file input_3.csv (CSV, C-alpha atoms)
chain,number,residue,atom,x,y,z
A,173,MET,CA,-12.3,24.0,-60.3
A,174,ARG,CA,-12.0,21.7,-63.1
A,175,THR,CA,-14.9,19.7,-64.5
A,176,TYR,CA,-15.1,16.4,-66.3
A,177,PRO,CA,-14.8,17.1,-70.0
A,178,THR,CA,-18.1,16.9,-71.7
A,179,PRO,CA,-18.1,14.1,-74.3
A,180,ASP,CA,-18.4,15.0,-77.9
A,181,PRO,CA,-22.1,14.6,-78.7
A,182,GLU,CA,-21.3,13.0,-82.1
A,183,ASN,CA,-19.2,10.3,-80.3
A,184,VAL,CA,-21.9,9.8,-77.7
A,185,GLY,CA,-24.3,9.1,-80.4
A,186,SER,CA,-22.3,6.2,-81.6
A,187,VAL,CA,-23.2,3.8,-78.9
A,188,PRO,CA,-21.5,0.5,-79.3
A,189,ARG,CA,-24.1,-2.0,-80.3
A,190,SER,CA,-22.5,-4.6,-78.2
A,191,LEU,CA,-22.6,-2.6,-75.0
A,192,PRO,CA,-24.3,-4.7,-72.4
A,193,PRO,CA,-27.2,-2.9,-70.7
A,194,GLU,CA,-25.8,-3.9,-67.3
A,195,LEU,CA,-22.9,-1.4,-68.0
A,196,LEU,CA,-25.4,1.5,-68.2
A,197,LYS,CA,-27.0,0.9,-64.9
A,198,PRO,CA,-25.9,3.6,-62.4
A,199,THR,CA,-24.6,1.1,-59.9
A,200,TYR,CA,-21.7,2.1,-57.7
A,201,GLN,CA,-19.6,-0.5,-59.5
A,202,ASN,CA,-20.2,1.2,-62.9
A,203,ARG,CA,-20.0,4.8,-61.7
A,204,LEU,CA,-16.9,4.3,-59.7
A,205,ARG,CA,-15.3,2.4,-62.5
A,206,THR,CA,-15.6,5.3,-64.8
A,207,ILE,CA,-14.3,7.7,-62.2
A,208,GLY,CA,-11.3,5.4,-61.6
A,209,ARG,CA,-10.7,5.3,-65.3
A,210,GLU,CA,-10.6,9.0,-65.5
A,211,ILE,CA,-8.2,9.1,-62.6
A,212,ASP,CA,-6.0,6.6,-64.3
A,213,ARG,CA,-6.1,8.6,-67.5
A,214,ARG,CA,-5.0,11.7,-65.7
A,215,ASN,CA,-2.3,9.8,-63.9
A,216,CYS,CA,-3.5,11.0,-60.6
A,217,ARG,CA,-3.0,9.7,-57.1
A,218,SER,CA,-3.8,10.5,-53.5
A,219,VAL,CA,-7.5,10.3,-54.3
A,220,PHE,CA,-10.5,11.3,-52.2
A,221,VAL,CA,-13.9,10.5,-53.5
A,222,LEU,CA,-17.1,12.0,-52.1
A,223,GLU,CA,-20.6,11.1,-53.1
A,224,VAL,CA,-23.0,14.1,-53.1
A,225,ASP,CA,-26.5,14.4,-54.4
A,226,GLY,CA,-26.4,13.9,-58.1
A,227,GLY,CA,-22.9,12.6,-58.5
A,228,PHE,CA,-19.4,12.5,-57.1
A,229,VAL,CA,-16.7,15.1,-56.2
A,230,VAL,CA,-13.2,13.8,-56.5
A,231,ARG,CA,-10.0,15.5,-55.3
A,232,ALA,CA,-6.8,14.0,-56.7
A,233,VAL,CA,-3.2,15.0,-57.3
A,234,GLN,CA,-1.6,14.9,-60.7
A,235,ARG,CA,1.5,12.8,-60.4
A,236,SER,CA,3.5,14.7,-63.0
A,237,GLU,CA,2.6,18.3,-62.1
A,238,ARG,CA,1.7,17.8,-58.4
A,239,ASP,CA,-1.3,20.0,-59.1
A,240,ILE,CA,-4.5,19.2,-57.1
A,241,ASP,CA,-7.6,18.7,-59.2
A,242,LEU,CA,-11.2,18.9,-58.1
A,243,LEU,CA,-13.2,16.8,-60.5
A,244,GLN,CA,-16.9,16.5,-60.8
A,245,PHE,CA,-18.7,13.4,-62.0
A,246,PRO,CA,-22.4,14.2,-62.4
A,247,ASP,CA,-24.6,11.1,-62.5
A,248,ASP,CA,-26.4,12.4,-65.6
A,249,GLU,CA,-23.2,12.2,-67.5
A,250,PHE,CA,-22.4,8.7,-66.3
A,251,PRO,CA,-23.8,6.9,-69.4
A,252,GLU,CA,-21.6,9.0,-71.7
A,253,ARG,CA,-18.6,8.3,-69.5
A,254,MET,CA,-19.3,4.6,-69.6
A,255,ILE,CA,-19.7,4.6,-73.4
A,256,LEU,CA,-16.5,6.4,-73.9
A,257,ALA,CA,-14.7,4.1,-71.4
A,258,THR,CA,-16.1,1.1,-73.3
A,259,GLU,CA,-15.0,2.5,-76.7
A,260,ASP,CA,-11.5,2.9,-75.3
A,261,ARG,CA,-11.4,-0.6,-73.9
A,262,GLY,CA,-8.0,-2.0,-74.2
A,263,LEU,CA,-6.4,1.4,-74.6
A,264,GLY,CA,-6.4,2.0,-70.9
A,265,GLU,CA,-3.8,-0.6,-70.1
A,266,ARG,CA,-1.1,1.2,-68.3
A,267,SER,CA,2.5,0.4,-67.7
A,268,GLY,CA,2.2,1.2,-64.0
A,269,SER,CA,-0.3,2.5,-61.6
A,270,PRO,CA,0.3,5.7,-59.8
A,271,SER,CA,-1.0,4.1,-56.6
A,272,ALA,CA,0.8,1.5,-54.7
A,273,ILE,CA,-2.5,0.5,-53.1
A,274,GLY,CA,-4.1,-0.3,-56.4
A,275,PRO,CA,-1.5,-2.1,-58.5
A,276,THR,CA,-3.6,-2.4,-61.6
A,277,GLY,CA,-5.0,1.1,-61.4
A,278,TYR,CA,-7.9,3.0,-60.0
A,279,GLU,CA,-10.4,1.7,-62.5
A,280,ASP,CA,-10.1,-1.9,-61.2
A,281,LEU,CA,-9.8,-0.8,-57.6
A,282,PHE,CA,-12.9,1.4,-57.7
A,283,ARG,CA,-14.9,-1.1,-59.7
A,284,ALA,CA,-14.2,-3.7,-57.0
A,285,ILE,CA,-15.0,-1.3,-54.2
A,286,GLY,CA,-18.2,-0.3,-56.0
A,287,ARG,CA,-19.3,-3.9,-56.3
A,288,TRP,CA,-18.8,-4.3,-52.6
A,289,PHE,CA,-20.9,-1.1,-52.0
A,290,ASP,CA,-23.7,-2.5,-54.3
A,291,ASP,CA,-23.6,-5.9,-52.6
A,292,ASN,CA,-24.0,-4.3,-49.2
A,293,HIS,CA,-26.6,-1.8,-50.0
A,294,VAL,CA,-24.5,1.2,-49.1
A,295,ARG,CA,-25.3,4.9,-49.6
A,296,HIS,CA,-23.6,8.2,-49.0
A,297,VAL,CA,-20.1,6.8,-49.6
A,298,ALA,CA,-16.7,8.4,-49.3
A,299,ILE,CA,-13.4,6.9,-50.2
A,300,ALA,CA,-10.1,8.3,-48.9
A,301,GLU,CA,-6.7,7.0,-50.0
A,302,THR,CA,-4.1,7.2,-47.4
A,303,MET,CA,-0.5,6.2,-47.8
A,304,GLU,CA,-1.1,2.6,-46.6
A,305,HIS,CA,-4.9,2.2,-46.7
A,306,ILE,CA,-8.1,2.8,-48.4
A,307,VAL,CA,-10.7,4.2,-45.9
A,308,LEU,CA,-14.3,3.7,-46.8
A,309,THR,CA,-17.3,5.2,-45.1
A,310,GLY,CA,-21.0,5.3,-45.8
A,311,ASP,CA,-24.4,4.1,-44.6
A,312,LEU,CA,-25.5,0.5,-44.7
A,313,TRP,CA,-29.2,0.2,-45.4
A,314,SER,CA,-30.9,-2.9,-44.0
A,315,GLY,CA,-34.2,-4.3,-45.1
A,316,ASP,CA,-36.2,-2.5,-42.3
A,317,THR,CA,-34.9,0.8,-43.7
A,318,ARG,CA,-32.7,1.3,-40.6
A,319,VAL,CA,-29.5,3.1,-41.4
A,320,LYS,CA,-26.2,2.0,-39.9
A,321,PRO,CA,-23.0,4.1,-40.5
A,322,PHE,CA,-20.0,2.0,-41.4
A,323,GLU,CA,-16.3,2.5,-41.8
A,324,ALA,CA,-13.7,0.1,-43.3
A,325,ARG,CA,-10.0,0.5,-43.4
A,326,MET,CA,-8.5,-1.7,-46.1
A,327,ASP,CA,-4.8,-2.6,-46.1
A,328,GLU,CA,-2.9,-4.0,-49.0
A,329,THR,CA,-3.8,-7.6,-48.2
A,330,MET,CA,-7.5,-6.8,-48.0
A,331,ILE,CA,-7.4,-4.8,-51.2
A,332,THR,CA,-5.6,-7.6,-53.0
A,333,GLN,CA,-8.3,-10.0,-51.8
A,334,LEU,CA,-11.0,-7.7,-53.0
A,335,LEU,CA,-9.4,-7.3,-56.4
A,336,ASP,CA,-8.9,-11.1,-56.7
A,337,ASP,CA,-12.5,-11.7,-55.9
A,338,SER,CA,-13.6,-9.0,-58.3
A,339,PHE,CA,-11.4,-10.4,-61.1
A,340,GLY,CA,-12.8,-13.9,-60.4
A,341,LEU,CA,-16.4,-12.7,-60.6
A,342,ARG,CA,-15.6,-10.8,-63.9
A,343,VAL,CA,-14.2,-14.0,-65.4
A,344,ARG,CA,-17.3,-16.0,-64.4
A,345,GLU,CA,-19.6,-13.2,-65.7
A,346,GLY,CA,-17.9,-12.9,-69.0
A,347,ASP,CA,-15.8,-9.8,-68.1
A,348,LEU,CA,-18.5,-7.2,-68.4
B,169,MET,CA,-20.2,27.6,-58.4
B,170,PRO,CA,-20.1,23.9,-59.0
B,171,PRO,CA,-23.6,22.6,-59.5
B,172,PHE,CA,-23.3,20.2,-56.6
B,173,LEU,CA,-22.7,22.8,-54.1
B,174,ARG,CA,-24.8,25.5,-52.4
B,175,ARG,CA,-23.4,28.4,-50.5
B,176,LYS,CA,-24.6,29.3,-47.1
B,177,THR,CA,-25.5,33.0,-47.2
B,178,ASP,CA,-26.7,33.5,-43.7
B,179,PRO,CA,-24.5,36.2,-42.1
B,180,ALA,CA,-23.4,35.6,-38.5
B,181,PRO,CA,-25.7,37.4,-36.1
B,182,PHE,CA,-24.3,40.5,-34.4
B,183,PRO,CA,-22.2,40.8,-32.3
B,184,THR,CA,-19.4,38.9,-34.0
B,185,GLN,CA,-15.9,38.0,-33.3
B,186,PRO,CA,-13.2,37.3,-35.8
B,187,VAL,CA,-12.5,33.8,-36.9
B,188,SER,CA,-8.8,32.8,-36.7
B,189,THR,CA,-7.4,32.1,-40.1
B,190,ASN,CA,-5.5,29.0,-38.9
B,191,TYR,CA,-7.0,25.5,-39.2
B,192,ALA,CA,-8.1,25.4,-35.6
B,193,GLY,CA,-10.2,28.6,-36.0
B,194,ARG,CA,-11.7,27.7,-39.4
B,195,LEU,CA,-12.5,24.1,-38.6
B,196,ALA,CA,-14.1,25.2,-35.3
B,197,PHE,CA,-16.2,27.7,-37.3
B,198,ILE,CA,-17.4,24.9,-39.5
B,199,GLY,CA,-17.9,22.5,-36.6
B,200,ARG,CA,-20.1,25.0,-34.9
B,201,ARG,CA,-22.4,25.1,-37.8
B,202,LEU,CA,-22.5,21.3,-38.0
B,203,ASP,CA,-23.5,21.3,-34.3
B,204,GLU,CA,-26.5,23.5,-35.1
B,205,GLU,CA,-27.7,21.2,-37.9
B,206,ALA,CA,-28.0,17.9,-36.0
B,207,CYS,CA,-26.0,16.0,-38.5
B,208,ARG,CA,-23.4,13.2,-38.6
B,209,SER,CA,-20.8,11.5,-40.8
B,210,ALA,CA,-19.1,14.8,-41.7
B,211,VAL,CA,-16.7,14.9,-44.6
B,212,ILE,CA,-14.5,18.1,-45.1
B,213,LEU,CA,-12.5,18.5,-48.2
B,214,GLU,CA,-10.2,21.6,-48.6
B,215,MET,CA,-9.6,23.0,-52.1
B,216,SER,CA,-7.8,26.3,-52.7
B,217,GLY,CA,-8.7,27.6,-49.3
B,218,SER,CA,-12.3,26.7,-49.5
B,219,PHE,CA,-13.9,23.8,-47.8
B,220,ILE,CA,-16.5,21.4,-49.2
B,221,VAL,CA,-18.5,20.0,-46.4
B,222,ARG,CA,-20.9,17.0,-46.7
B,223,VAL,CA,-23.0,15.8,-43.8
B,224,ILE,CA,-25.8,13.4,-43.3
B,225,GLY,CA,-28.9,14.6,-41.4
B,226,LYS,CA,-29.6,12.7,-38.2
B,227,ILE,CA,-33.4,12.9,-38.8
B,228,ASN,CA,-33.8,12.3,-42.5
B,229,ASP,CA,-30.5,10.5,-43.3
B,230,GLU,CA,-30.2,12.7,-46.4
B,231,SER,CA,-26.9,14.3,-47.4
B,232,THR,CA,-26.2,18.0,-47.6
B,233,VAL,CA,-23.3,19.6,-49.2
B,234,THR,CA,-22.1,23.2,-48.7
B,235,GLU,CA,-19.1,25.1,-49.6
B,236,VAL,CA,-17.4,27.4,-47.0
B,237,VAL,CA,-15.3,30.0,-48.5
B,238,ALA,CA,-12.9,32.8,-47.2
B,239,GLU,CA,-15.7,35.4,-47.0
B,240,ASP,CA,-17.6,33.2,-44.6
B,241,PHE,CA,-14.7,33.3,-42.2
B,242,GLU,CA,-14.2,37.0,-42.8
B,243,ARG,CA,-17.7,37.8,-41.7
B,244,GLY,CA,-16.8,36.5,-38.2
B,245,ASP,CA,-18.7,34.3,-35.8
B,246,VAL,CA,-21.2,35.0,-33.1
B,247,ARG,CA,-20.0,35.3,-29.6
B,248,ARG,CA,-21.2,32.4,-27.4
B,249,PRO,CA,-21.7,32.5,-23.7
B,250,PHE,CA,-20.4,29.0,-22.9
B,251,LYS,CA,-17.8,26.6,-24.1
B,252,PRO,CA,-18.9,23.7,-26.3
B,253,GLN,CA,-18.8,20.1,-25.0
B,254,PRO,CA,-15.7,18.1,-26.0
B,255,SER,CA,-17.9,15.8,-28.1
B,256,SER,CA,-19.2,18.6,-30.2
B,257,TYR,CA,-18.1,19.1,-33.7
B,258,GLU,CA,-16.8,22.5,-32.8
B,259,SER,CA,-14.5,21.1,-30.1
B,260,MET,CA,-13.4,18.0,-32.1
B,261,LEU,CA,-12.6,19.9,-35.2
B,262,ARG,CA,-10.8,22.6,-33.3
B,263,ALA,CA,-8.6,19.9,-31.8
B,264,ILE,CA,-7.9,18.4,-35.2
B,265,GLY,CA,-7.2,21.8,-36.6
B,266,ALA,CA,-4.7,22.5,-33.8
B,267,GLY,CA,-2.8,19.4,-34.9
B,268,LEU,CA,-2.9,20.6,-38.5
B,269,ASP,CA,-1.5,24.0,-37.5
B,270,THR,CA,1.3,22.3,-35.7
B,271,ARG,CA,2.1,20.3,-38.8
B,272,VAL,CA,1.9,23.4,-41.0
B,273,ALA,CA,-0.5,21.4,-43.1
B,274,ALA,CA,-2.2,22.2,-46.4
B,275,ASN,CA,-5.0,20.8,-48.5
B,276,ILE,CA,-6.4,18.7,-45.8
B,277,ALA,CA,-9.4,16.3,-45.9
B,278,ILE,CA,-11.3,15.0,-42.9
B,279,LEU,CA,-13.5,11.9,-43.0
B,280,GLU,CA,-15.7,11.0,-40.1
B,281,GLY,CA,-16.3,7.3,-39.6
B,282,SER,CA,-18.4,5.6,-37.1
B,283,SER,CA,-15.5,5.2,-34.6
B,284,MET,CA,-12.8,7.6,-35.8
B,285,PHE,CA,-11.8,10.6,-37.8
B,286,GLN,CA,-9.4,10.1,-40.7
B,287,VAL,CA,-7.3,13.1,-41.6
B,288,THR,CA,-5.1,13.4,-44.6
B,289,GLY,CA,-3.2,16.2,-46.3
B,290,TRP,CA,0.2,17.6,-46.9
B,291,GLU,CA,2.6,18.9,-44.3
B,292,ARG,CA,5.9,20.8,-44.4
B,293,GLY,CA,8.7,18.4,-44.8
B,294,HIS,CA,11.9,17.6,-46.8
B,295,SER,CA,12.1,15.7,-50.0
B,296,ALA,CA,15.3,15.2,-51.9
B,297,GLY,CA,17.0,17.8,-49.8
B,298,SER,CA,14.4,20.5,-50.5
B,299,LEU,CA,11.8,22.0,-48.2
B,300,THR,CA,8.4,21.0,-49.6
B,301,HIS,CA,5.1,19.5,-48.6
B,302,VAL,CA,4.8,15.8,-48.1
B,303,ARG,CA,1.7,13.6,-47.6
B,304,PHE,CA,0.6,12.7,-44.1
B,305,ASP,CA,-2.3,10.7,-42.6
B,306,GLN,CA,-3.6,10.7,-39.1
B,307,SER,CA,-6.5,8.8,-37.6
B,308,TYR,CA,-8.1,9.9,-34.3
B,309,ASP,CA,-10.4,7.5,-32.4
B,310,ARG,CA,-13.2,9.3,-30.6
B,311,PRO,CA,-11.9,8.8,-27.1
B,312,THR,CA,-8.6,10.3,-28.1
B,313,LEU,CA,-10.3,13.2,-29.8
B,314,TYR,CA,-12.5,13.9,-26.8
B,315,ARG,CA,-9.4,14.1,-24.6
B,316,LEU,CA,-7.7,16.5,-27.0
B,317,ALA,CA,-10.8,18.6,-27.2
B,318,GLU,CA,-11.2,18.6,-23.4
B,319,ALA,CA,-7.6,19.6,-23.0
B,320,ALA,CA,-8.0,22.5,-25.4
B,321,ARG,CA,-11.1,24.0,-23.7

call {"tool": "encode", "arguments": {"input": "input_3.csv", "output": "C-alpha cells"}}
result
Amino acid sequence: MRTYPTPDPENVGSVPRSLPPELLKPTYQNRLRTIGREIDRRNCRSVFVLEVDGGFVVRAVQRSERDIDLLQFPDDEFPERMILATEDRGLGERSGSPSAIGPTGYEDLFRAIGRWFDDNHVRHVAIAETMEHIVLTGDLWSGDTRVKPFEARMDETMITQLLDDSFGLRVREGDL
Amino acid sequence: MPPFLRRKTDPAPFPTQPVSTNYAGRLAFIGRRLDEEACRSAVILEMSGSFIVRVIGKINDESTVTEVVAEDFERGDVRRPFKPQPSSYESMLRAIGAGLDTRVAANIAILEGSSMFQVTGWERGHSAGSLTHVRFDQSYDRPTLYRLAEAAR
C-alpha cells in the first residue's frame, strides 16, 4: 500500500500568511479538494473514494502505468496538504484531465462535490467513478438527528451543472 | 497495516468448510459476517487480493472498517444448517460474485446505495488487439439482486 507523502516539516512551517482560515477548516469541500489535487498530480483516473474514521482511503489507477494505487489521506495531515496545495496554486493547471467526467480535473470536481456534501450535512460518504457517472453515497443528517441514507448518480450534465454552480460561487466568494 | 484498518482475528468456529477462492465464495464469506453485525451501507474495495470493507452500524450509525485478507478465507467458514435469505448480504454478495466470476473480473469495488449496488472493476477483454483487462460497471437494483440471489439458492 502506498501512503500520501508526508510533507517536509520545514515547508509546512512556512504557512502562507495570506492563507484564509476557511481553507484550513476540515470541511468536505477542503478535504476532498486536496485529495482531488493529489489524484490530478498523480495523473490517476477510475477513482474510488471511501471515508473512514480519521480520513479517506482512495483507490485510483495511474494513467501512464496502469498501476492501481491505494492512497490514504488522514485528516490530521489535511492542513499540511492544504498548505502545500495553496503554495502550488497556479502550478496545478493541467493540459487535460484524465477523467472525461471531470473536464477540469479531480480537484475542481471533488471540491464541488464536497461543497454539496457540506451543504447537505452528509456523513460517511463514498464516491465511485464509473465510466459514465459519478456515484455518491452517504448519510444525510437532519436536524432531529435522524439519519437517512442517500445515493446519487450524476451524469455528465449534472456534473457540468455542479461545476458551473461551484465556479460561480467561487467567483462570488473571491475564489477561496 | 494501514492505520485506518483493523483486522478481524476471530477464527471461524469448528467445524469449518473451505471458502471458494472465486468471487462468489469470498464475497459470500464477507457477506455472512456483515449479516452477523447488523449493519448497512456496505462498501467493499478490493486491493491486491484483500478487501477493505466499510459498513455503518444500524444501531449507532457509526462506521466500521475492516480488512479481509487471504488468510481469513483460508481459515474456512463455519458450516450452517440453513440457507440464508435472498435479502441477506451473504446471498446478495454471492450473487454479485457469481457475476464477477463470469466476467473473469479483477480489482472490483462494490458500493451499496439506498436502492442499488454499484459494482465496478476490470474484466477480461480486448484492447488494441490484445487480451487485457478493461473497465466495467454494473448496477443492481435490489429487486433484481433478490431474484438473482433466490435463483442461486

call {"tool": "residues_around", "arguments": {"input": "input_3.csv", "residues": "B:Ala319", "least_positions_apart": "2", "cutoff": "12 Å", "atoms": "all atoms listed in the file", "output": "PyMOL selection string"}}
result
chain B and resi 253-254+259-260+262-263+266+312-317+321

call {"tool": "atom_distance", "arguments": {"input": "input_3.csv", "atom1": "atom CA of B:Asp309", "atom2": "atom CA of A:Met303"}}
result
18.4 Å

call {"tool": "residues_around", "arguments": {"input": "input_3.csv", "residues": "stretch 336-340 of chain A", "least_positions_apart": "3", "cutoff": "8 Å", "atoms": "all atoms listed in the file", "output": "mmCIF file with C-alpha atoms, keeping the file's coordinate frame"}}
result
data_model
loop_
_atom_site.group_PDB
_atom_site.id
_atom_site.type_symbol
_atom_site.label_atom_id
_atom_site.label_comp_id
_atom_site.auth_asym_id
_atom_site.auth_seq_id
_atom_site.Cartn_x
_atom_site.Cartn_y
_atom_site.Cartn_z
ATOM 1 C CA ALA A 284 -14.200 -3.700 -57.000
ATOM 2 C CA ARG A 287 -19.300 -3.900 -56.300
ATOM 3 C CA THR A 332 -5.600 -7.600 -53.000
ATOM 4 C CA GLN A 333 -8.300 -10.000 -51.800
ATOM 5 C CA VAL A 343 -14.200 -14.000 -65.400
ATOM 6 C CA ARG A 344 -17.300 -16.000 -64.400
#

call {"tool": "closest_atom_pairs", "arguments": {"input": "input_3.csv", "of": "chain A", "to": "chain B", "cutoff": "9 Å", "atoms": "all atoms listed in the file", "output": "JSON lines"}}
result
{"residue": "A:Met173", "atom": "CA", "partner": "B:Pro170", "partner_atom": "CA", "distance": 7.9}
{"residue": "A:Thr175", "atom": "CA", "partner": "B:Pro170", "partner_atom": "CA", "distance": 8.7}
{"residue": "A:Ser218", "atom": "CA", "partner": "B:Arg303", "partner_atom": "CA", "distance": 8.6}
{"residue": "A:Phe220", "atom": "CA", "partner": "B:Ala277", "partner_atom": "CA", "distance": 8.1}
{"residue": "A:Leu222", "atom": "CA", "partner": "B:Val211", "partner_atom": "CA", "distance": 8.1}
{"residue": "A:Glu223", "atom": "CA", "partner": "B:Arg222", "partner_atom": "CA", "distance": 8.7}
{"residue": "A:Val224", "atom": "CA", "partner": "B:Val233", "partner_atom": "CA", "distance": 6.7}
{"residue": "A:Asp225", "atom": "CA", "partner": "B:Phe172", "partner_atom": "CA", "distance": 7.0}
{"residue": "A:Gly226", "atom": "CA", "partner": "B:Phe172", "partner_atom": "CA", "distance": 7.2}
{"residue": "A:Gly227", "atom": "CA", "partner": "B:Phe172", "partner_atom": "CA", "distance": 7.8}
{"residue": "A:Phe228", "atom": "CA", "partner": "B:Phe172", "partner_atom": "CA", "distance": 8.6}
{"residue": "A:Val229", "atom": "CA", "partner": "B:Phe172", "partner_atom": "CA", "distance": 8.4}
{"residue": "A:Arg231", "atom": "CA", "partner": "B:Leu213", "partner_atom": "CA", "distance": 8.1}
{"residue": "A:Ile240", "atom": "CA", "partner": "B:Met215", "partner_atom": "CA", "distance": 8.1}
{"residue": "A:Asp241", "atom": "CA", "partner": "B:Met215", "partner_atom": "CA", "distance": 8.5}
{"residue": "A:Leu242", "atom": "CA", "partner": "B:Met215", "partner_atom": "CA", "distance": 7.4}
{"residue": "A:Gln244", "atom": "CA", "partner": "B:Pro170", "partner_atom": "CA", "distance": 8.3}
{"residue": "A:Pro246", "atom": "CA", "partner": "B:Phe172", "partner_atom": "CA", "distance": 8.4}
{"residue": "A:His296", "atom": "CA", "partner": "B:Ser231", "partner_atom": "CA", "distance": 7.1}
{"residue": "A:Ala298", "atom": "CA", "partner": "B:Leu279", "partner_atom": "CA", "distance": 7.9}
{"residue": "A:Ile299", "atom": "CA", "partner": "B:Leu279", "partner_atom": "CA", "distance": 8.8}
{"residue": "A:Ala300", "atom": "CA", "partner": "B:Leu279", "partner_atom": "CA", "distance": 7.7}
{"residue": "A:Glu301", "atom": "CA", "partner": "B:Thr288", "partner_atom": "CA", "distance": 8.5}
{"residue": "A:Thr302", "atom": "CA", "partner": "B:Asp305", "partner_atom": "CA", "distance": 6.2}
{"residue": "A:Met303", "atom": "CA", "partner": "B:Asp305", "partner_atom": "CA", "distance": 7.1}
{"residue": "A:Val307", "atom": "CA", "partner": "B:Gln286", "partner_atom": "CA", "distance": 8.0}
{"residue": "A:Leu308", "atom": "CA", "partner": "B:Gly281", "partner_atom": "CA", "distance": 8.3}
{"residue": "A:Thr309", "atom": "CA", "partner": "B:Gly281", "partner_atom": "CA", "distance": 6.0}
{"residue": "A:Gly310", "atom": "CA", "partner": "B:Ser209", "partner_atom": "CA", "distance": 8.0}
{"residue": "A:Asp311", "atom": "CA", "partner": "B:Asp229", "partner_atom": "CA", "distance": 8.9}
{"residue": "A:Val319", "atom": "CA", "partner": "B:Asp229", "partner_atom": "CA", "distance": 7.7}
{"residue": "A:Pro321", "atom": "CA", "partner": "B:Ser282", "partner_atom": "CA", "distance": 5.9}
{"residue": "A:Phe322", "atom": "CA", "partner": "B:Ser282", "partner_atom": "CA", "distance": 5.8}
{"residue": "A:Glu323", "atom": "CA", "partner": "B:Gly281", "partner_atom": "CA", "distance": 5.3}
{"residue": "A:Ala324", "atom": "CA", "partner": "B:Gly281", "partner_atom": "CA", "distance": 8.5}

call {"tool": "closest_residue", "arguments": {"input": "input_3.csv", "among": "B:Phe285, B:Ala274, B:Ser188, B:Ala320", "to": "B:Val302", "atoms": "all atoms listed in the file"}}
result
B:Ala274

call {"tool": "residues_around", "arguments": {"input": "input_3.csv", "residues": "stretch 194-211 of chain A", "least_positions_apart": "2", "cutoff": "7 Å", "atoms": "all atoms listed in the file", "output": "PyMOL selection string"}}
result
chain A and resi 192+213-216+250-251+253-254+257+278-280+282-284+286-287+289-290

call {"tool": "axis_aligned_box", "arguments": {"input": "input_3.csv", "around": "stretch 288-296 of chain B", "padding_each_side": "8 Å", "output": "lines of an AutoDock Vina configuration file"}}
result
center_x = 5.1
center_y = 17.1
center_z = -48.1
size_x = 36.4
size_y = 23.4
size_z = 23.6

call {"tool": "atom_distance", "arguments": {"input": "input_3.csv", "atom1": "atom CA of A:Val233", "atom2": "atom CA of A:Val219"}}
result
7.0 Å

call {"tool": "atom_distance", "arguments": {"input": "input_3.csv", "atom1": "atom CA of A:Arg217", "atom2": "atom CA of B:Gly217"}}
result
20.3 Å

call {"tool": "closest_residue", "arguments": {"input": "input_3.csv", "among": "B:Glu291, B:Glu258, B:Glu242, B:Glu318", "to": "B:Glu204", "atoms": "only C-alpha atoms"}}
result
B:Glu258
